[in-house]
Amino acid sequence: MSRGLAGESSETMPETIDLISHAAARELAAFTKRTDQPTAIDLMDLEPMTQVSQIEIDEEHVTITYNEKISHRYNAKEINHRQWIYKYNVDPEFVAAVKTVIDLARKHLRALPDNLACPPGCAECCSGYEPFVSVADVQQIADHFAISYEKALEDYVVQRPSADGFYVGYLRKIDDDVASKCIFLKGRGSGSYYCGIYKARPFDCGAFTPIGCDDVDAELSHDSKFKPGSPFGPKTRPIPPRKRRM
């Protein structure tokens, strides 16, 4: 065997076979032979299905969205993905697989989430979240403290007007950090927190549900009970009621 100057073999290395393209070409040839329909390998998408982002199943088709790629621009995002759509209801193997999924769904139909109710004093949702407040919410807080609407808006709301005028902003935190506690949250720590304006809290706060919440303090017991302390005090003195003119 002769060797070149670099000590390597002068024999040419065998070409690497693209097994995916090779298999696809055989499949297309078999399809053409069976149906007499012309096929071309360059019209096949041979990228393997690696990252599946969504699966949708209806009574006839399964649609798999996969291999999503995102390109970031200064002012927009370009999102590209592939979709594979298959009429599965004529494929016994696929029908059996979908039946297995349905049977599992029936089995777990009454499987309940871990967080059906907030553990007392958790208040994890009172940090990090920014509950929006409407005009009615601000008026409710103002009435609770017996102060003017304008004062309640200035002292307790980070103003962010909405397009329809319904929301006027979100509740303030104790500082500018979004992850900080709500200005109305009281208590010494998790398990002892409570809302200082519970009866006057915004609608967003009252509508919050722990179902599916990933931020619940799982170390707290639902059996623990405590009495809330003193309510939140307003920064300003209450406005005295107006005297009626006789």
# chains A, B, ... in the order shown; residues from 1 in each chain; ligands from 1
$ select_by_dssp --residues "region 6-238 of chain A" --states "alpha helix (DSSP H)" --output "MDAnalysis selection string"
chainID A and resid 19:35 92:107 135:145 149:156 203:206
$ write_last_selection --atoms "C-alpha atoms" --output "PDB file, in the first residue's frame"
ATOM      1  CA  LEU A  19     -29.228   6.717   4.998  1.00  0.00           C
ATOM      2  CA  ILE A  20     -32.276   8.982   5.353  1.00  0.00           C
ATOM      3  CA  SER A  21     -32.164  10.067   1.689  1.00  0.00           C
ATOM      4  CA  HIS A  22     -31.406   6.496   0.654  1.00  0.00           C
ATOM      5  CA  ALA A  23     -34.441   5.135   2.494  1.00  0.00           C
ATOM      6  CA  ALA A  24     -36.660   7.947   1.182  1.00  0.00           C
ATOM      7  CA  ALA A  25     -35.586   7.260  -2.395  1.00  0.00           C
ATOM      8  CA  ARG A  26     -36.519   3.584  -2.018  1.00  0.00           C
ATOM      9  CA  GLU A  27     -39.885   4.512  -0.499  1.00  0.00           C
ATOM     10  CA  LEU A  28     -40.619   6.919  -3.351  1.00  0.00           C
ATOM     11  CA  ALA A  29     -39.590   4.346  -5.953  1.00  0.00           C
ATOM     12  CA  ALA A  30     -41.895   1.770  -4.357  1.00  0.00           C
ATOM     13  CA  PHE A  31     -44.736   4.317  -4.282  1.00  0.00           C
ATOM     14  CA  THR A  32     -44.242   5.148  -7.961  1.00  0.00           C
ATOM     15  CA  LYS A  33     -44.179   1.469  -8.879  1.00  0.00           C
ATOM     16  CA  ARG A  34     -47.364   0.817  -6.916  1.00  0.00           C
ATOM     17  CA  THR A  35     -49.373   3.857  -8.071  1.00  0.00           C
ATOM     18  CA  PRO A  92     -55.342   0.780  12.638  1.00  0.00           C
ATOM     19  CA  GLU A  93     -52.034   1.248  14.471  1.00  0.00           C
ATOM     20  CA  PHE A  94     -52.650   4.975  14.902  1.00  0.00           C
ATOM     21  CA  VAL A  95     -56.289   4.447  15.894  1.00  0.00           C
ATOM     22  CA  ALA A  96     -55.121   2.076  18.621  1.00  0.00           C
ATOM     23  CA  ALA A  97     -52.557   4.631  19.819  1.00  0.00           C
ATOM     24  CA  VAL A  98     -55.148   7.424  19.978  1.00  0.00           C
ATOM     25  CA  LYS A  99     -57.513   5.050  21.794  1.00  0.00           C
ATOM     26  CA  THR A 100     -54.797   4.529  24.410  1.00  0.00           C
ATOM     27  CA  VAL A 101     -54.557   8.306  24.912  1.00  0.00           C
ATOM     28  CA  ILE A 102     -58.345   8.563  25.281  1.00  0.00           C
ATOM     29  CA  ASP A 103     -58.423   5.674  27.753  1.00  0.00           C
ATOM     30  CA  LEU A 104     -55.717   7.384  29.817  1.00  0.00           C
ATOM     31  CA  ALA A 105     -57.719  10.618  29.748  1.00  0.00           C
ATOM     32  CA  ARG A 106     -60.809   8.774  31.010  1.00  0.00           C
ATOM     33  CA  LYS A 107     -58.722   7.178  33.743  1.00  0.00           C
ATOM     34  CA  VAL A 135     -61.530  52.637  37.881  1.00  0.00           C
ATOM     35  CA  ALA A 136     -63.975  50.768  40.128  1.00  0.00           C
ATOM     36  CA  ASP A 137     -61.108  49.106  42.037  1.00  0.00           C
ATOM     37  CA  VAL A 138     -59.456  52.455  42.740  1.00  0.00           C
ATOM     38  CA  GLN A 139     -62.776  53.911  43.891  1.00  0.00           C
ATOM     39  CA  GLN A 140     -63.267  50.912  46.185  1.00  0.00           C
ATOM     40  CA  ILE A 141     -59.853  51.459  47.776  1.00  0.00           C
ATOM     41  CA  ALA A 142     -60.578  55.179  48.092  1.00  0.00           C
ATOM     42  CA  ASP A 143     -63.884  54.466  49.829  1.00  0.00           C
ATOM     43  CA  HIS A 144     -62.176  51.951  52.104  1.00  0.00           C
ATOM     44  CA  PHE A 145     -59.700  54.564  53.289  1.00  0.00           C
ATOM     45  CA  TYR A 149     -60.144  58.799  44.131  1.00  0.00           C
ATOM     46  CA  GLU A 150     -57.230  60.935  42.954  1.00  0.00           C
ATOM     47  CA  LYS A 151     -55.301  60.329  46.183  1.00  0.00           C
ATOM     48  CA  ALA A 152     -55.855  56.568  46.051  1.00  0.00           C
ATOM     49  CA  LEU A 153     -54.717  56.525  42.425  1.00  0.00           C
ATOM     50  CA  GLU A 154     -51.595  58.551  43.215  1.00  0.00           C
ATOM     51  CA  ASP A 155     -50.548  56.674  46.362  1.00  0.00           C
ATOM     52  CA  TYR A 156     -51.386  53.035  45.573  1.00  0.00           C
ATOM     53  CA  PHE A 203     -61.079  42.233  41.350  1.00  0.00           C
ATOM     54  CA  ASP A 204     -57.880  40.670  39.915  1.00  0.00           C
ATOM     55  CA  CYS A 205     -56.813  39.631  43.411  1.00  0.00           C
ATOM     56  CA  GLY A 206     -60.175  38.130  44.312  1.00  0.00           C
TER      57      GLY A 206
END
$ select_by_dssp --residues "region 23-219 of chain A" --states "strand (DSSP E)" --output "count of residues only"
44
$ residues_around --residues "Ser230 (chain A)" --least-positions-apart "4" --cutoff "12 Å" --atoms "only C-alpha atoms" --output "number ranges by chain"
A: 184-187, 193-198
$ residues_around --residues "Asp175 (chain A)" --least-positions-apart "6" --cutoff "12 Å" --atoms "only C-alpha atoms" --output "list in words"
Ser127, Gly128, Tyr156, Val158, Lys181, Cys182 and Ile183 of chain A
$ residues_around --residues "Thr50 (chain A)" --least-positions-apart "3" --cutoff "9 Å" --atoms "only C-alpha atoms" --output "PyMOL selection string"
chain A and resi 47+66-67
$ atom_distance --atom1 "CA of Asp91 (chain A)" --atom2 "CA of Asp58 (chain A)"
14.2 Å
$ residues_around --residues "Tyr167 (chain A)" --least-positions-apart "6" --cutoff "8 Å" --atoms "only C-alpha atoms" --output "PyMOL selection string"
chain A and resi 132-135+160-161
$ atom_distance --atom1 "CA of Ile64 (chain A)" --atom2 "CA of Ile41 (chain A)"
22.2 Å
$ residues_around --residues "Asp223 (chain A)" --least-positions-apart "4" --cutoff "12 Å" --atoms "only C-alpha atoms" --output "JSON, numbers by chain"
{"A": [117, 118, 119, 120, 121, 191, 219]}
$ write_last_selection --atoms "C-alpha atoms" --output "compact mmCIF listing (two decimals), in the first residue's frame"
# COMPACT_ATOMS: atom_id res chain seq x y z
CA ALA A 117 -57.03 25.95 47.65
CA CYS A 118 -54.43 28.41 48.85
CA PRO A 119 -52.68 27.36 52.06
CA PRO A 120 -53.38 29.98 54.75
CA GLY A 121 -50.91 32.82 54.73
CA GLY A 191 -47.67 31.22 56.53
CA GLU A 219 -44.38 23.51 52.62
$ closest_residue --among "A:Ile174, A:Ser192, A:His108, A:Gly169" --to "Ser221 (chain A)" --atoms "only C-alpha atoms"
A:Ser192
$ atom_distance --atom1 "CA of Phe226 (chain A)" --atom2 "CA of Glu124 (chain A)"
16.9 Å
